[in-house]
>>> print(open('data_35.cif').read())   # mmCIF, C-alpha atoms and all ligand atoms
data_my_file
#
loop_
_atom_site.label_atom_id
_atom_site.label_comp_id
_atom_site.auth_asym_id
_atom_site.auth_seq_id
_atom_site.Cartn_x
_atom_site.Cartn_y
_atom_site.Cartn_z
CA MET A 1 72.66 61.83 84.59
CA SER A 2 72.92 64.82 86.87
CA SER A 3 76.25 66.40 87.58
CA PRO A 4 77.86 65.51 90.92
CA TYR A 5 76.98 67.73 93.81
CA VAL A 6 79.81 70.09 94.59
CA PRO A 7 79.55 71.67 98.01
CA THR A 8 80.56 75.28 98.26
CA TYR A 9 81.84 76.81 101.42
CA GLN A 10 81.92 80.35 100.24
CA ILE A 11 80.90 83.01 102.68
CA SER A 12 77.87 84.73 101.26
CA PHE A 13 77.98 88.38 100.38
CA ARG A 14 75.40 89.01 103.05
CA ASP A 15 77.74 87.65 105.72
CA ILE A 16 80.63 89.77 104.55
CA SER A 17 78.41 92.77 104.26
CA GLN A 18 76.97 92.40 107.77
CA GLU A 19 80.39 91.81 109.22
CA HIS A 20 81.73 94.77 107.40
CA LEU A 21 78.97 97.06 108.57
CA TYR A 22 79.74 96.03 112.10
CA LEU A 23 83.43 96.67 111.58
CA CYS A 24 82.76 100.03 109.99
CA GLU A 25 80.62 101.04 112.92
CA SER A 26 83.35 100.18 115.38
CA LEU A 27 85.81 101.91 113.13
CA ASN A 28 83.72 105.07 113.18
CA LYS A 29 83.51 105.00 116.94
CA LEU A 30 87.18 104.23 117.31
CA ASP A 31 88.41 107.36 115.70
CA ALA A 32 85.56 109.74 115.68
CA THR A 33 87.82 112.30 117.31
CA MET A 34 90.56 111.97 114.76
CA ALA A 35 88.08 112.06 111.88
CA THR A 36 86.53 115.38 112.79
CA GLU A 37 89.91 117.03 112.82
CA THR A 38 90.97 116.06 109.31
CA LYS A 39 89.95 117.50 106.00
CA THR A 40 88.61 114.14 104.92
CA GLY A 41 86.64 114.08 108.14
CA ASN A 42 83.33 112.58 107.13
CA ILE A 43 84.86 110.02 104.81
CA ASP A 44 83.74 107.39 107.31
CA GLU A 45 80.16 108.29 106.50
CA LEU A 46 80.84 107.80 102.82
CA ILE A 47 82.36 104.39 103.19
CA SER A 48 79.81 103.16 105.66
CA ASP A 49 79.17 100.07 103.61
CA PHE A 50 81.12 97.29 102.07
CA SER A 51 80.56 98.29 98.45
CA ARG A 52 82.19 101.66 98.87
CA PHE A 53 85.02 100.17 100.82
CA TYR A 54 85.57 97.66 98.07
CA ILE A 55 85.51 100.34 95.37
CA LEU A 56 88.36 102.02 97.22
CA THR A 57 90.37 98.81 97.22
CA ILE A 58 89.87 98.56 93.43
CA LEU A 59 91.03 102.14 92.93
CA TYR A 60 93.96 101.50 95.23
CA GLU A 61 95.21 98.86 92.81
CA GLY A 62 95.39 101.35 89.98
CA PRO A 63 93.46 103.70 87.68
CA ALA A 64 90.18 102.35 86.35
CA HIS A 65 87.18 103.64 84.45
CA GLY A 66 83.68 103.24 85.81
CA TYR A 67 82.87 100.16 83.79
CA GLN A 68 86.09 98.46 84.90
CA ILE A 69 85.20 99.16 88.51
CA LEU A 70 81.80 97.55 88.00
CA ARG A 71 83.35 94.54 86.30
CA ARG A 72 86.11 93.99 88.87
CA PHE A 73 83.62 94.36 91.64
CA LYS A 74 81.41 91.68 90.16
CA LYS A 75 84.32 89.35 89.52
CA ARG A 76 85.61 89.49 93.08
CA VAL A 77 82.53 90.01 95.19
CA LYS A 78 80.36 87.78 92.98
CA LYS A 79 77.65 90.37 93.12
CA GLU A 80 76.72 93.32 90.96
CA VAL A 81 77.26 96.77 92.29
CA SER A 82 74.84 99.40 91.08
CA PRO A 83 76.23 102.14 88.82
CA SER A 84 73.98 104.46 90.81
CA LEU A 85 76.21 103.78 93.78
CA VAL A 86 79.55 103.79 91.98
CA TYR A 87 79.30 107.00 89.99
CA PRO A 88 78.00 109.32 92.73
CA PHE A 89 80.59 107.85 95.09
CA LEU A 90 83.38 108.60 92.61
CA LYS A 91 82.03 112.12 92.28
CA GLN A 92 81.99 112.59 96.05
CA LEU A 93 85.55 111.35 96.29
CA GLU A 94 86.56 113.71 93.52
CA THR A 95 84.93 116.67 95.23
CA LYS A 96 86.94 115.83 98.32
CA GLY A 97 90.15 115.72 96.31
CA LEU A 98 90.65 112.04 96.98
CA VAL A 99 90.14 110.96 93.38
CA LYS A 100 90.86 112.66 90.05
CA HIS A 101 89.91 111.66 86.55
CA THR A 102 91.30 111.99 83.07
CA VAL A 103 89.39 111.38 79.85
CA LYS A 104 91.04 108.67 77.78
CA PRO A 105 90.02 106.78 74.68
CA VAL A 106 89.10 103.22 75.53
CA GLY A 107 88.26 101.24 72.43
CA GLU A 108 85.95 103.41 70.38
CA LYS A 109 84.68 105.40 73.31
CA GLU A 110 86.14 108.09 75.50
CA ARG A 111 86.02 107.15 79.14
CA LYS A 112 86.73 108.85 82.41
CA VAL A 113 89.62 107.06 84.03
CA PHE A 114 89.61 107.51 87.78
CA GLU A 115 92.60 107.31 90.05
CA LEU A 116 93.35 108.09 93.65
CA THR A 117 95.21 111.28 94.42
CA GLN A 118 98.12 111.21 96.84
CA GLU A 119 95.69 112.19 99.56
CA GLY A 120 93.31 109.45 98.50
CA ARG A 121 96.07 106.86 98.64
CA GLU A 122 97.08 107.97 102.11
CA LEU A 123 93.48 107.77 103.24
CA CYS A 124 93.21 104.23 101.87
CA THR A 125 96.44 103.11 103.52
CA GLY A 126 95.13 104.37 106.85
CA LEU A 127 91.75 102.81 106.25
CA PHE A 128 93.13 99.39 105.31
CA LYS A 129 95.39 99.45 108.32
CA ARG A 130 92.45 100.16 110.60
CA PHE A 131 90.39 97.51 108.89
CA ALA A 132 93.19 94.95 109.24
CA ASP A 133 93.51 95.79 112.93
CA LEU A 134 89.80 95.25 113.44
CA VAL A 135 89.88 91.99 111.56
CA SER A 136 92.78 90.71 113.64
CA ILE A 137 90.92 91.68 116.80
CA ALA A 138 88.02 89.63 115.50
CA ILE A 139 90.07 86.51 114.76
CA GLU A 140 92.55 86.80 117.65
CA PRO A 141 90.44 84.92 120.23
CA SER A 142 90.28 81.88 117.97
CA LEU A 143 94.07 81.63 117.72
CA TYR A 144 96.30 79.41 119.82
CA VAL A 145 99.68 80.52 120.96
CA CYS A 146 102.49 78.00 120.88
CA ALA A 147 103.60 77.40 124.48
CA HIS A 148 107.21 77.13 123.35
CA CYS A 149 107.91 79.71 120.66
CA GLY A 150 104.91 82.00 121.15
CA CYS A 151 103.86 81.98 117.50
CA LYS A 152 100.18 82.18 116.68
CA VAL A 153 98.58 79.04 115.34
CA TYR A 154 95.83 79.65 112.83
CA GLU A 155 95.15 76.06 111.96
CA GLY A 156 96.06 72.60 113.21
CA GLY A 157 98.90 72.87 115.66
CA TYR A 158 99.99 70.13 118.03
CA ARG A 159 98.55 69.32 121.45
CA GLU A 160 100.02 67.28 124.23
CA VAL A 161 99.15 66.75 127.86
CA ILE A 162 102.14 67.88 129.90
CA GLU A 163 102.04 67.54 133.68
CA GLY A 164 98.32 66.97 133.52
CA LYS A 165 97.65 70.07 131.47
CA GLU A 166 96.72 70.14 127.78
CA THR A 167 99.32 72.32 126.12
CA THR A 168 99.24 73.68 122.58
CA PHE A 169 102.24 73.99 120.31
CA CYS A 170 102.70 75.00 116.70
CA CYS A 171 104.47 71.71 115.97
CA ILE A 172 105.84 68.54 117.57
CA HIS A 173 109.37 70.00 117.58
CA CYS A 174 108.28 72.90 119.73
CA ALA A 175 106.62 70.43 122.09
CA HIS A 176 109.89 68.51 122.31
CA SER A 177 111.96 71.65 123.00
CA TYR A 178 109.41 72.74 125.58
CA LYS A 179 109.76 69.47 127.48
CA GLU A 180 113.56 69.59 127.26
CA THR A 181 113.59 73.10 128.67
CA LYS A 182 111.31 72.01 131.50
CA LYS A 183 113.58 69.07 132.30
CA LEU A 184 116.64 71.32 132.40
CA ALA A 185 114.83 73.80 134.60
CA LYS A 186 113.88 70.99 137.01
CA LYS A 187 117.48 69.71 137.14
CA ALA A 188 118.72 73.22 137.85
CA THR A 189 116.37 73.69 140.80
CA GLN A 190 117.25 70.25 142.21
CA LYS A 191 120.95 71.12 142.46
ZN ZN A 201 106.25 76.83 118.28
#
>>> encode(input="data_35.cif", output="structure tokens")
Amino acid sequence: MSSPYVPTYQISFRDISQEHLYLCESLNKLDATMATETKTGNIDELISDFSRFYILTILYEGPAHGYQILRRFKKRVKKEVSPSLVYPFLKQLETKGLVKHTVKPVGEKERKVFELTQEGRELCTGLFKRFADLVSIAIEPSLYVCAHCGCKVYEGGYREVIEGKETTFCCIHCAHSYKETKKLAKKATQK
């Protein structure tokens, strides 16, 4: 007997990659001026694809040797990253003073353990912040805002037709408070 069909709703790597390329492009445009003025100026060129960006997030979590980077990448992205991308990228980062390495024994071998320098960490913090901003711009239009408390509703929410208009709330309690406030406001104007 065949195993039951299990649907998967995972976003494919291609989707993420395309999306990311788009975001990176916008990101480059957004602060082209700022980038040319800093020492790490053309870093945007270096991280113009998802793989490099992801390698930075791995390094940001802590020191790692090349093989660990490859392994973590595969585990999280569900796709292999080529050593011919990882190692030259690490070298470029090192040349720019964003990454440094120390040789440490790992098992029976000696391995280069890479870690971000202070400057590298600062660059990543800035980069992640910019990335997060772009992502929130991308998802913002699909969010509802609760008519009562103003909080953003990512999922679900509560809708009710009030005075002929469909109104969105985060929850039924907010809808209740909203109606109460309206009632009070009406009473006040009638006086
Ligand atoms: Zn609310």
>>> atom_distance(input="data_35.cif", atom1="atom CA of A:Lys78", atom2="atom CA of A:Val135")
21.3 Å
>>> atom_distance(input="data_35.cif", atom1="atom CA of A:Val99", atom2="atom CA of A:Phe114")
6.6 Å
>>> residues_near_ligand(input="data_35.cif", ligand="ligand ZN 201 (chain A)", cutoff="6 Å", atoms="all atoms listed in the file", output="number ranges by chain")
A: 146, 148-149, 151, 169-171, 174
>>> closest_residue(input="data_35.cif", among="A:His65, A:Lys79, A:Lys152, A:Arg71", to="A:Glu110", atoms="all atoms listed in the file")
A:His65
